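So this one's model.cif, mmCIF, C-alpha atoms:
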```
data_coords
loop_
_atom_site.label_atom_id
_atom_site.label_comp_id
_atom_site.auth_asym_id
_atom_site.auth_seq_id
_atom_site.Cartn_x
_atom_site.Cartn_y
_atom_site.Cartn_z
CA MET G 1 -35.26 45.51 -14.22
CA ASP G 2 -36.27 49.13 -14.77
CA ALA G 3 -39.90 49.95 -15.49
CA GLU G 4 -42.26 52.75 -16.44
CA ILE G 5 -46.05 52.93 -16.18
CA ILE G 6 -48.33 54.55 -18.74
CA ALA G 7 -51.93 55.21 -17.73
CA ILE G 8 -54.11 55.69 -20.80
CA GLY G 9 -57.43 57.52 -20.96
CA SER G 10 -58.62 61.05 -21.67
CA GLU G 11 -60.81 60.86 -18.57
CA LEU G 12 -57.61 60.80 -16.49
CA LEU G 13 -56.35 64.00 -18.09
CA LEU G 14 -59.71 65.73 -17.62
CA GLY G 15 -59.79 64.91 -13.92
CA ALA G 16 -63.00 62.93 -14.28
CA THR G 17 -61.29 59.75 -13.07
CA VAL G 18 -58.50 59.38 -10.51
CA ASP G 19 -55.60 57.19 -11.62
CA THR G 20 -55.50 54.57 -8.86
CA ASN G 21 -54.01 51.94 -11.18
CA SER G 22 -50.57 53.55 -11.30
CA ALA G 23 -50.39 53.78 -7.51
CA TYR G 24 -51.29 50.11 -7.17
CA LEU G 25 -48.78 49.03 -9.79
CA ALA G 26 -46.05 51.15 -8.23
CA GLY G 27 -46.50 49.40 -4.91
CA GLN G 28 -46.58 45.96 -6.49
CA LEU G 29 -43.50 46.59 -8.60
CA ALA G 30 -41.58 47.85 -5.57
CA ALA G 31 -42.51 44.75 -3.60
CA ALA G 32 -41.31 42.60 -6.53
CA GLY G 33 -37.97 44.39 -6.70
CA VAL G 34 -38.59 46.23 -9.96
CA ASN G 35 -37.27 49.79 -10.17
CA LEU G 36 -40.00 52.21 -11.24
CA PHE G 37 -38.54 55.39 -12.66
CA ARG G 38 -41.50 57.18 -14.21
CA LYS G 39 -45.30 57.28 -14.50
CA SER G 40 -47.08 58.95 -17.41
CA VAL G 41 -50.68 59.74 -18.32
CA VAL G 42 -51.77 60.11 -21.94
CA GLY G 43 -55.16 60.58 -23.59
CA ASP G 44 -56.94 58.38 -26.11
CA ASN G 45 -54.86 59.28 -29.14
CA THR G 46 -53.02 56.62 -31.13
CA GLU G 47 -50.04 58.75 -32.15
CA ARG G 48 -49.49 60.22 -28.70
CA ILE G 49 -49.77 56.85 -26.98
CA ALA G 50 -47.33 55.30 -29.47
CA ALA G 51 -44.87 58.16 -28.95
CA THR G 52 -45.11 57.80 -25.17
CA ILE G 53 -44.44 54.06 -25.41
CA ARG G 54 -41.41 54.59 -27.65
CA GLU G 55 -40.02 57.21 -25.27
CA ALA G 56 -40.52 54.90 -22.29
CA LEU G 57 -38.83 51.97 -24.03
CA ALA G 58 -35.81 54.17 -24.72
CA ARG G 59 -35.37 54.48 -20.93
CA ALA G 60 -36.73 51.26 -19.44
CA GLU G 61 -36.74 47.53 -20.09
CA LEU G 62 -40.37 47.15 -19.06
CA VAL G 63 -43.38 49.33 -19.86
CA ILE G 64 -46.77 48.60 -18.33
CA CYS G 65 -49.82 50.25 -19.90
CA THR G 66 -53.31 50.33 -18.43
CA GLY G 67 -56.53 51.31 -20.17
CA GLY G 68 -57.83 51.67 -23.69
CA LEU G 69 -58.66 48.00 -24.34
CA GLY G 70 -62.43 48.41 -24.64
CA PRO G 71 -64.55 47.82 -27.77
CA THR G 72 -65.26 51.44 -28.75
CA LEU G 73 -63.45 53.57 -31.32
CA ASP G 74 -61.68 55.66 -28.66
CA ASP G 75 -60.06 52.51 -27.22
CA VAL G 76 -56.89 52.68 -29.27
CA THR G 77 -54.21 51.15 -27.05
CA ARG G 78 -53.93 48.01 -29.19
CA GLU G 79 -53.32 50.10 -32.31
CA ALA G 80 -50.89 52.37 -30.47
CA VAL G 81 -48.74 49.51 -29.17
CA ALA G 82 -48.63 47.95 -32.64
CA LEU G 83 -47.62 51.31 -34.11
CA ALA G 84 -44.94 51.90 -31.47
CA LEU G 85 -43.35 48.51 -32.10
CA GLY G 86 -43.78 48.49 -35.85
CA ARG G 87 -46.03 45.44 -35.88
CA PRO G 88 -49.40 44.85 -37.53
CA LEU G 89 -52.46 43.90 -35.53
CA GLU G 90 -53.54 40.30 -35.95
CA PHE G 91 -56.87 38.67 -35.26
CA ARG G 92 -56.86 35.88 -32.65
CA PRO G 93 -59.90 33.59 -32.99
CA GLU G 94 -59.32 32.10 -29.55
CA LEU G 95 -59.66 35.53 -27.98
CA LEU G 96 -62.95 36.11 -29.74
CA GLU G 97 -64.16 32.76 -28.38
CA GLN G 98 -63.22 33.86 -24.86
CA ILE G 99 -65.04 37.16 -25.29
CA ALA G 100 -68.12 35.41 -26.72
CA ALA G 101 -68.10 32.94 -23.82
CA ARG G 102 -68.00 35.84 -21.41
CA PHE G 103 -71.10 37.40 -22.97
CA ALA G 104 -72.82 34.02 -22.99
CA ALA G 105 -72.20 33.75 -19.26
CA PHE G 106 -73.82 37.17 -18.89
CA ARG G 107 -76.72 35.91 -21.04
CA ARG G 108 -76.26 38.97 -23.21
CA PRO G 109 -75.65 39.20 -26.96
CA MET G 110 -72.13 40.18 -28.02
CA SER G 111 -71.89 43.34 -30.10
CA GLU G 112 -69.99 43.27 -33.37
CA SER G 113 -67.72 45.98 -31.98
CA ASN G 114 -66.37 43.52 -29.42
CA ARG G 115 -64.49 41.81 -32.24
CA ARG G 116 -61.98 44.67 -31.98
CA GLN G 117 -60.88 43.26 -28.65
CA ALA G 118 -59.68 40.05 -30.32
CA TYR G 119 -56.94 41.94 -32.18
CA ILE G 120 -53.49 42.25 -30.61
CA PRO G 121 -50.06 43.13 -32.03
CA ALA G 122 -48.46 40.35 -34.09
CA GLY G 123 -46.35 38.06 -31.92
CA ALA G 124 -47.92 39.24 -28.68
CA ARG G 125 -48.72 36.80 -25.92
CA PRO G 126 -52.40 37.08 -24.96
CA ILE G 127 -53.53 37.06 -21.33
CA GLU G 128 -57.03 35.71 -20.86
CA ASN G 129 -59.24 37.99 -18.77
CA PRO G 130 -61.80 35.94 -16.80
CA ARG G 131 -62.96 39.12 -15.03
CA GLY G 132 -63.90 41.12 -18.12
CA THR G 133 -64.14 41.21 -21.91
CA ALA G 134 -60.80 42.92 -22.61
CA PRO G 135 -57.90 40.46 -23.10
CA ALA G 136 -54.53 41.75 -21.95
CA PHE G 137 -51.25 40.95 -23.66
CA ILE G 138 -47.47 40.93 -23.41
CA VAL G 139 -45.19 41.94 -26.25
CA GLU G 140 -41.51 41.02 -26.04
CA ASP G 141 -39.60 43.17 -28.47
CA GLN G 142 -35.94 43.90 -29.13
CA THR G 143 -36.53 47.38 -27.70
CA GLY G 144 -38.07 46.04 -24.49
CA THR G 145 -41.21 44.45 -23.09
CA VAL G 146 -44.65 46.04 -23.14
CA ILE G 147 -47.40 44.66 -20.93
CA VAL G 148 -50.90 45.99 -21.56
CA LEU G 149 -53.64 45.61 -18.94
CA PRO G 150 -57.29 46.74 -18.77
CA GLY G 151 -58.09 50.06 -17.13
CA VAL G 152 -60.88 48.66 -14.94
CA PRO G 153 -59.11 48.48 -11.56
CA TYR G 154 -60.37 45.12 -10.31
CA GLU G 155 -59.62 43.49 -13.67
CA MET G 156 -56.16 45.06 -13.81
CA ARG G 157 -55.27 43.98 -10.28
CA PHE G 158 -56.43 40.43 -10.83
CA LEU G 159 -54.44 40.04 -14.04
CA PHE G 160 -51.33 41.64 -12.57
CA THR G 161 -51.39 39.26 -9.61
CA THR G 162 -52.27 36.07 -11.49
CA ALA G 163 -50.42 36.59 -14.77
CA VAL G 164 -47.92 39.44 -14.76
CA LEU G 165 -46.17 38.74 -11.46
CA PRO G 166 -45.64 35.05 -12.30
CA TYR G 167 -44.29 36.11 -15.70
CA LEU G 168 -41.83 38.57 -14.15
CA ARG G 169 -40.61 36.08 -11.57
CA ASP G 170 -40.61 32.82 -13.52
CA GLU G 171 -39.62 34.00 -16.98
CA ARG G 172 -37.78 37.27 -16.44
CA GLY G 173 -35.92 36.30 -13.30
CA VAL G 174 -37.17 39.17 -11.15
CA SER G 175 -36.20 38.18 -7.62
CA ASP G 176 -34.92 41.24 -5.76
CA VAL G 177 -36.76 42.81 -2.84
CA ILE G 178 -37.47 46.51 -2.45
CA LEU G 179 -38.41 47.37 1.12
CA ILE G 180 -39.96 50.72 2.03
CA LYS G 181 -40.24 52.02 5.57
CA THR G 182 -41.78 55.36 6.53
CA LEU G 183 -40.85 57.31 9.64
CA HIS G 184 -42.88 60.29 10.85
CA ALA G 185 -41.38 63.46 12.30
CA THR G 186 -42.55 66.85 13.52
CA GLY G 187 -41.29 69.89 15.38
CA LEU G 188 -38.63 70.82 12.81
CA SER G 189 -38.95 72.42 9.40
CA GLU G 190 -38.45 70.41 6.25
CA SER G 191 -35.30 72.39 5.44
CA VAL G 192 -33.73 71.65 8.83
CA ILE G 193 -34.54 67.94 8.56
CA GLY G 194 -33.09 67.95 5.07
CA GLU G 195 -29.85 69.45 6.36
CA LEU G 196 -29.59 66.91 9.18
CA ILE G 197 -29.88 63.94 6.84
CA ALA G 198 -28.47 65.44 3.64
CA ASP G 199 -25.78 62.79 3.28
CA LEU G 200 -28.34 60.00 3.62
CA MET G 201 -30.44 61.53 0.85
CA LEU G 202 -27.47 61.31 -1.52
CA GLN G 203 -27.09 57.55 -1.11
CA ALA G 204 -28.04 55.22 -3.95
CA ASN G 205 -29.12 52.34 -1.71
CA PRO G 206 -30.87 52.75 0.64
CA THR G 207 -32.59 55.87 -0.63
CA VAL G 208 -34.09 58.49 1.69
CA GLY G 209 -36.73 61.07 0.82
CA ILE G 210 -38.96 63.59 2.65
CA SER G 211 -42.62 64.55 2.14
CA ALA G 212 -44.18 67.48 4.01
CA LYS G 213 -47.78 67.34 5.27
CA GLN G 214 -49.00 70.17 7.53
CA ALA G 215 -45.95 70.42 9.81
CA ARG G 216 -45.66 66.65 9.80
CA TYR G 217 -43.00 64.98 7.73
CA GLU G 218 -42.73 61.52 6.24
CA LEU G 219 -39.22 60.18 5.82
CA ARG G 220 -39.18 57.25 3.40
CA ILE G 221 -36.34 54.75 3.49
CA GLY G 222 -36.13 52.44 0.48
CA ALA G 223 -33.69 49.54 0.26
CA LYS G 224 -33.13 47.04 -2.53
CA ALA G 225 -31.51 43.67 -1.91
CA ALA G 226 -31.51 40.07 -3.04
CA ALA G 227 -33.30 38.91 0.12
CA GLN G 228 -35.78 40.31 2.64
CA ALA G 229 -33.37 40.02 5.56
CA GLU G 230 -30.68 41.93 3.70
CA ALA G 231 -33.12 44.72 2.80
CA GLU G 232 -34.32 44.92 6.41
CA ALA G 233 -30.72 45.25 7.63
CA LEU G 234 -30.05 48.11 5.20
CA VAL G 235 -33.20 49.93 6.33
CA ALA G 236 -32.44 49.36 10.02
CA THR G 237 -28.99 50.96 9.72
CA VAL G 238 -30.35 54.12 8.09
CA GLU G 239 -33.31 54.27 10.47
CA ALA G 240 -30.99 54.18 13.48
CA THR G 241 -28.99 57.10 12.05
CA ILE G 242 -32.12 59.15 11.38
CA ARG G 243 -33.46 58.52 14.88
CA GLU G 244 -30.15 59.55 16.41
CA ARG G 245 -29.96 62.79 14.43
CA LEU G 246 -33.59 63.89 14.81
CA GLY G 247 -34.00 62.71 18.39
CA GLN G 248 -37.28 63.72 20.04
CA HIS G 249 -38.63 65.03 16.74
CA ILE G 250 -39.02 61.50 15.39
CA ILE G 251 -42.52 60.21 16.08
CA GLY G 252 -41.74 56.74 14.79
CA ASP G 253 -43.28 54.53 12.16
CA GLU G 254 -46.83 55.65 12.98
CA PRO G 255 -48.58 58.98 12.28
CA LEU G 256 -48.73 61.63 15.01
CA ALA G 257 -52.39 61.17 15.97
CA ALA G 258 -51.96 57.39 16.12
CA ALA G 259 -48.93 57.79 18.38
CA VAL G 260 -50.89 60.01 20.78
CA VAL G 261 -53.83 57.60 20.87
CA ARG G 262 -51.50 54.66 21.54
CA LEU G 263 -49.68 56.47 24.35
CA LEU G 264 -52.97 57.51 26.00
CA ALA G 265 -54.19 53.91 25.86
CA GLU G 266 -50.93 52.45 27.14
CA GLN G 267 -50.90 54.86 30.08
CA GLY G 268 -54.63 54.53 30.74
CA ARG G 269 -55.15 58.28 30.45
CA SER G 270 -58.17 60.21 29.23
CA ILE G 271 -58.28 63.59 27.52
CA ALA G 272 -60.79 66.42 27.01
CA LEU G 273 -60.60 69.12 24.35
CA TYR G 274 -61.37 72.81 24.13
CA GLU G 275 -61.48 74.09 20.54
CA GLY G 276 -61.75 77.84 20.07
CA THR G 277 -62.90 77.39 16.48
CA SER G 278 -65.59 75.47 14.65
CA ALA G 279 -62.80 73.91 12.53
CA ALA G 280 -61.96 71.78 15.61
CA PRO G 281 -58.57 70.64 14.25
CA ILE G 282 -57.56 68.50 17.24
CA PHE G 283 -60.85 66.63 17.33
CA GLN G 284 -60.79 66.15 13.55
CA ALA G 285 -57.33 64.57 13.73
CA LEU G 286 -58.30 62.23 16.57
CA ALA G 287 -61.64 61.30 15.00
CA ALA G 288 -59.87 60.28 11.80
CA THR G 289 -57.61 57.89 13.73
CA THR G 290 -58.55 54.35 14.69
CA GLY G 291 -59.49 54.35 18.37
CA GLY G 292 -59.00 58.11 18.49
CA THR G 293 -62.24 58.91 20.32
CA GLU G 294 -62.02 56.05 22.82
CA ARG G 295 -59.77 58.03 25.20
CA LEU G 296 -61.73 61.25 24.62
CA ARG G 297 -64.03 62.25 27.49
CA GLY G 298 -65.54 65.35 25.91
CA VAL G 299 -65.11 68.25 23.49
CA MET G 300 -66.07 71.90 23.91
CA ILE G 301 -66.20 73.90 20.68
CA HIS G 302 -66.44 77.61 21.45
CA PRO G 303 -65.73 80.05 18.60
CA LEU G 304 -64.77 83.56 19.63
CA ASP G 305 -67.63 85.97 20.31
CA ARG G 306 -65.46 89.06 20.91
CA PRO G 307 -62.15 90.48 19.62
CA THR G 308 -59.15 88.66 21.10
CA ASP G 309 -55.47 89.48 20.82
CA GLU G 310 -52.50 87.13 21.25
CA HIS G 311 -52.32 87.48 25.03
CA ALA G 312 -56.05 86.97 25.49
CA ALA G 313 -55.91 83.91 23.20
CA ALA G 314 -53.22 82.39 25.44
CA ALA G 315 -55.34 83.02 28.54
CA LEU G 316 -58.44 81.54 26.90
CA ALA G 317 -56.53 78.42 25.81
CA HIS G 318 -55.21 77.83 29.33
CA ALA G 319 -58.60 78.41 30.94
CA GLY G 320 -60.28 76.21 28.33
CA ALA G 321 -57.91 73.32 28.97
CA ILE G 322 -58.57 73.53 32.71
CA SER G 323 -62.35 73.81 32.39
CA THR G 324 -62.75 70.87 29.99
CA ALA G 325 -60.51 68.60 32.07
CA ASP G 326 -62.55 69.50 35.19
CA ARG G 327 -65.90 69.26 33.45
CA TRP G 328 -65.35 65.76 32.12
CA ARG G 329 -62.95 64.60 34.85
CA ALA G 330 -60.26 63.86 32.28
CA ASP G 331 -56.60 63.28 33.09
CA LEU G 332 -55.52 65.82 30.46
CA GLY G 333 -57.08 68.99 29.11
CA LEU G 334 -55.95 70.17 25.68
CA ALA G 335 -57.00 73.47 24.13
CA ALA G 336 -56.32 75.56 21.04
CA GLN G 337 -57.29 79.20 20.63
CA ALA G 338 -56.55 81.64 17.83
CA ALA G 339 -56.48 85.40 18.09
CA SER G 340 -59.44 87.02 16.34
CA ALA G 341 -57.41 88.98 13.80
CA PRO G 342 -54.22 88.17 11.90
CA ALA G 343 -51.08 90.25 12.23
CA ALA G 344 -50.01 92.58 9.45
CA SER G 345 -48.08 89.67 7.94
CA GLY G 346 -51.33 87.74 7.50
CA PHE G 347 -50.34 85.14 10.09
CA THR G 348 -52.55 84.56 13.12
CA ALA G 349 -51.34 83.87 16.66
CA ILE G 350 -52.39 80.42 17.85
CA SER G 351 -52.05 79.37 21.47
CA VAL G 352 -52.15 75.71 22.49
CA ALA G 353 -52.34 74.69 26.15
CA LEU G 354 -52.07 71.28 27.81
CA VAL G 355 -53.12 70.87 31.44
CA THR G 356 -51.83 67.78 33.25
CA PRO G 357 -51.75 66.53 36.87
CA GLU G 358 -48.18 67.83 37.06
CA GLY G 359 -48.96 71.30 35.76
CA SER G 360 -49.45 72.93 32.38
CA ARG G 361 -47.57 73.45 29.13
CA GLN G 362 -48.30 76.17 26.62
CA VAL G 363 -46.94 77.32 23.29
CA THR G 364 -47.88 80.05 20.80
CA ARG G 365 -47.16 79.88 17.10
CA TYR G 366 -48.18 81.87 14.02
CA TYR G 367 -50.01 80.23 11.11
CA ASP G 368 -51.71 81.42 7.94
CA LEU G 369 -55.31 80.47 8.65
CA ARG G 370 -56.44 81.86 5.30
CA GLN G 371 -55.23 78.57 3.81
CA PRO G 372 -57.52 75.54 4.20
CA GLU G 373 -54.69 73.46 5.65
CA GLY G 374 -53.81 76.14 8.22
CA TRP G 375 -55.91 74.55 10.92
CA GLU G 376 -54.21 71.20 10.32
CA PHE G 377 -50.95 72.84 11.42
CA VAL G 378 -52.74 73.77 14.65
CA GLY G 379 -53.83 70.18 15.20
CA THR G 380 -50.26 69.02 14.64
CA LEU G 381 -48.93 71.54 17.17
CA ALA G 382 -51.44 70.45 19.83
CA LEU G 383 -50.95 66.74 19.35
CA ASP G 384 -47.17 67.00 19.35
CA LEU G 385 -47.28 68.95 22.61
CA THR G 386 -49.34 66.08 24.05
CA ARG G 387 -47.07 63.39 22.60
CA ARG G 388 -43.96 64.90 24.12
CA TYR G 389 -45.61 65.14 27.55
CA LEU G 390 -46.76 61.51 27.39
CA LEU G 391 -43.20 60.47 26.51
CA GLY G 392 -41.91 62.28 29.58
CA GLU G 393 -39.97 64.86 27.60
CA PRO G 394 -39.35 68.26 29.22
CA ALA G 395 -41.64 71.14 28.32
#
```
So that I can check it, write out the structure of this file as structure tokens.
Amino acid sequence: MDAEIIAIGSELLLGATVDTNSAYLAGQLAAAGVNLFRKSVVGDNTERIAATIREALARAELVICTGGLGPTLDDVTREAVALALGRPLEFRPELLEQIAARFAAFRRPMSESNRRQAYIPAGARPIENPRGTAPAFIVEDQTGTVIVLPGVPYEMRFLFTTAVLPYLRDERGVSDVILIKTLHATGLSESVIGELIADLMLQANPTVGISAKQARYELRIGAKAAAQAEAEALVATVEATIRERLGQHIIGDEPLAAAVVRLLAEQGRSIALYEGTSAAPIFQALAATTGGTERLRGVMIHPLDRPTDEHAAAALAHAGAISTADRWRADLGLAAQAASAPAASGFTAISVALVTPEGSRQVTRYYDLRQPEGWEFVGTLALDLTRRYLLGEPA
């Protein structure tokens, strides 16, 4: 079964509300073995919603809409679905009774406008909503199936789990499994990784895709099969190929900072940091990771107080790594220091140094620190240098 999601609400288009419903539904549909090909967002306009539904039905068997089922005049999803499918709205007394009972439980009077929520397209199957006042519904049409759910996230999730999933499995025969596994990589550019696994990215099943995040890369493997074991086997074959081709640049199925924290814990090692900037990118990455500060003995944050070129930055990073490791008696000292002025290209020299019982490792790279995410690249560089040492890889 192929599906599309339509999130409805002008607040989504204005940026006032983040569309978390579509992300949730995408994950649930994947787990259920339903192919999701597109997500759309449309405002509270009957004609535009109807047009979006018709366009989606021309491409997919299943369309899931969220939002626009409230009692006010701008809640027009019911009317839009009816228009898209060429059906009139019909009043369902039993739905009004459910809505009235809900207000009675609140010990609040029901407004006359709530009667609007008891109208659904003719022939639709209502879905009672015990978590709210907006009934959902399913319309099976010759053009496809439209499922309409409330926009309130906790109501939508409850109804999807208790009503929609059973419907898809029991009545529509959805039984396939879509398994997604994410591998993390660093140390190579996205273009190089793409070239190394180009043939894998052209496969139909399993699929392989790349996402770039501050010099870290997520490689997603997605496999569809009739059973979990079959999907796992498909993923395992592709994963083995990726690991072979990318070698030491594959972090694994955990993010970089988490891998470093795990290796430090497994080896019983401690670490101290020297950050030559108030941005403190290494500390920020570790602090955002579960258990990240447990192996951390201390942090020295020392922004530059005098002009520093590339060579001086390298010397400061090395000295900083030594001094923090000595000061807090840590097994490892890790430091990052930027030069005080960017080169003519706008890129700034960054030196990262790691001091260990066996000696030291140091690397210098150039990053555009005018961008907010520039310092995150620095954190990635420092943590990957540490990861490779902890794995016993050569400098």
When the PyMOL selection byres ((chain G and resi 299) around 6) is applied to the file above, which residues end up in the set, as a PyMOL selection string?
chain G and resi 272-274+298+300
Which is closest to Val34 of chain G among G:Ala122, G:Ala341, G:Leu202, G:Ile64, if we use all atoms listed in the file?
G:Ile64
Could you tell me which residues the PyMOL selection byres ((chain G and resi 238) around 10) returns for this structure, as a list in words?
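Applying the PyMOL selection byres ((chain G and resi 238) around 10) to the structure shown produces Ile197, Leu200, Pro206, Thr207, Val208, Ile221, Gly222, Ala223, Ala233, Leu234, Val235, Ala236, Thr237, Glu239, Ala240, Thr241, Ile242, Arg243 and Glu244 of chain G.
Counting all atoms listed in the file and comparing G:Ala288, G:Val352, G:Ala279, G:Met201, the residue that lies closest to Leu316 of chain G is G:Val352.
In this comparison, which uses all atoms listed in the file, the residue of G:Pro109, G:Gly68, G:Pro126, G:Gly268 approaching Leu95 of chain G most closely is G:Pro126.
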Name the residues that the PyMOL selection byres ((chain G and resi 139-147) around 7) pulls out of this structure, and write them as number ranges by chain.
G: 57, 61-65, 123-125, 137-138, 148-149
Store the residues picked out above, limited to C-alpha atoms, as a compact mmCIF listing (two decimals), in the coordinates of the input.
```txt
# COMPACT_ATOMS: atom_id res chain seq x y z
CA LEU G 57 -38.83 51.97 -24.03
CA GLU G 61 -36.74 47.53 -20.09
CA LEU G 62 -40.37 47.15 -19.06
CA VAL G 63 -43.38 49.33 -19.86
CA ILE G 64 -46.77 48.60 -18.33
CA CYS G 65 -49.82 50.25 -19.90
CA GLY G 123 -46.35 38.06 -31.92
CA ALA G 124 -47.92 39.24 -28.68
CA ARG G 125 -48.72 36.80 -25.92
CA PHE G 137 -51.25 40.95 -23.66
CA ILE G 138 -47.47 40.93 -23.41
CA VAL G 148 -50.90 45.99 -21.56
CA LEU G 149 -53.64 45.61 -18.94
```
Could you rebuild segment 310-329 of chain G with N, CA and C atoms and give it back as a PDB file, in the coordinates of the input?
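Written output follows (rebuild_13.pdb):
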```
ATOM      1  N   GLU G 310     -53.351  88.291  20.974  1.00  0.00           N
ATOM      2  CA  GLU G 310     -52.500  87.130  21.250  1.00  0.00           C
ATOM      3  C   GLU G 310     -52.488  86.770  22.739  1.00  0.00           C
ATOM      4  N   HIS G 311     -52.395  87.760  23.600  1.00  0.00           N
ATOM      5  CA  HIS G 311     -52.320  87.480  25.030  1.00  0.00           C
ATOM      6  C   HIS G 311     -53.653  86.919  25.554  1.00  0.00           C
ATOM      7  N   ALA G 312     -54.737  87.480  25.066  1.00  0.00           N
ATOM      8  CA  ALA G 312     -56.050  86.970  25.490  1.00  0.00           C
ATOM      9  C   ALA G 312     -56.269  85.551  24.970  1.00  0.00           C
ATOM     10  N   ALA G 313     -55.776  85.260  23.758  1.00  0.00           N
ATOM     11  CA  ALA G 313     -55.910  83.910  23.200  1.00  0.00           C
ATOM     12  C   ALA G 313     -55.174  82.902  24.072  1.00  0.00           C
ATOM     13  N   ALA G 314     -53.983  83.283  24.561  1.00  0.00           N
ATOM     14  CA  ALA G 314     -53.220  82.390  25.440  1.00  0.00           C
ATOM     15  C   ALA G 314     -53.972  82.129  26.730  1.00  0.00           C
ATOM     16  N   ALA G 315     -54.581  83.179  27.299  1.00  0.00           N
ATOM     17  CA  ALA G 315     -55.340  83.020  28.540  1.00  0.00           C
ATOM     18  C   ALA G 315     -56.569  82.145  28.331  1.00  0.00           C
ATOM     19  N   LEU G 316     -57.258  82.352  27.203  1.00  0.00           N
ATOM     20  CA  LEU G 316     -58.440  81.540  26.900  1.00  0.00           C
ATOM     21  C   LEU G 316     -58.078  80.076  26.710  1.00  0.00           C
ATOM     22  N   ALA G 317     -56.947  79.808  26.031  1.00  0.00           N
ATOM     23  CA  ALA G 317     -56.530  78.420  25.810  1.00  0.00           C
ATOM     24  C   ALA G 317     -56.243  77.738  27.141  1.00  0.00           C
ATOM     25  N   HIS G 318     -55.539  78.422  28.032  1.00  0.00           N
ATOM     26  CA  HIS G 318     -55.210  77.830  29.330  1.00  0.00           C
ATOM     27  C   HIS G 318     -56.467  77.582  30.148  1.00  0.00           C
ATOM     28  N   ALA G 319     -57.354  78.571  30.184  1.00  0.00           N
ATOM     29  CA  ALA G 319     -58.600  78.410  30.940  1.00  0.00           C
ATOM     30  C   ALA G 319     -59.470  77.314  30.333  1.00  0.00           C
ATOM     31  N   GLY G 320     -59.486  77.236  28.988  1.00  0.00           N
ATOM     32  CA  GLY G 320     -60.280  76.210  28.330  1.00  0.00           C
ATOM     33  C   GLY G 320     -59.781  74.817  28.627  1.00  0.00           C
ATOM     34  N   ALA G 321     -58.469  74.635  28.660  1.00  0.00           N
ATOM     35  CA  ALA G 321     -57.910  73.320  28.970  1.00  0.00           C
ATOM     36  C   ALA G 321     -58.276  72.892  30.384  1.00  0.00           C
ATOM     37  N   ILE G 322     -58.211  73.841  31.320  1.00  0.00           N
ATOM     38  CA  ILE G 322     -58.570  73.530  32.710  1.00  0.00           C
ATOM     39  C   ILE G 322     -60.044  73.182  32.830  1.00  0.00           C
ATOM     40  N   SER G 323     -60.900  74.003  32.221  1.00  0.00           N
ATOM     41  CA  SER G 323     -62.350  73.810  32.390  1.00  0.00           C
ATOM     42  C   SER G 323     -62.829  72.504  31.771  1.00  0.00           C
ATOM     43  N   THR G 324     -62.294  72.121  30.603  1.00  0.00           N
ATOM     44  CA  THR G 324     -62.750  70.870  29.990  1.00  0.00           C
ATOM     45  C   THR G 324     -62.248  69.661  30.767  1.00  0.00           C
ATOM     46  N   ALA G 325     -61.006  69.725  31.273  1.00  0.00           N
ATOM     47  CA  ALA G 325     -60.510  68.600  32.070  1.00  0.00           C
ATOM     48  C   ALA G 325     -61.351  68.436  33.333  1.00  0.00           C
ATOM     49  N   ASP G 326     -61.720  69.568  33.979  1.00  0.00           N
ATOM     50  CA  ASP G 326     -62.550  69.500  35.190  1.00  0.00           C
ATOM     51  C   ASP G 326     -63.966  69.039  34.856  1.00  0.00           C
ATOM     52  N   ARG G 327     -64.506  69.566  33.778  1.00  0.00           N
ATOM     53  CA  ARG G 327     -65.900  69.260  33.450  1.00  0.00           C
ATOM     54  C   ARG G 327     -66.111  67.779  33.178  1.00  0.00           C
ATOM     55  N   TRP G 328     -65.175  67.171  32.463  1.00  0.00           N
ATOM     56  CA  TRP G 328     -65.350  65.760  32.120  1.00  0.00           C
ATOM     57  C   TRP G 328     -64.440  64.829  32.926  1.00  0.00           C
ATOM     58  N   ARG G 329     -63.818  65.386  33.962  1.00  0.00           N
ATOM     59  CA  ARG G 329     -62.950  64.600  34.850  1.00  0.00           C
ATOM     60  C   ARG G 329     -61.920  63.803  34.045  1.00  0.00           C
TER      61      ARG G 329
END
```
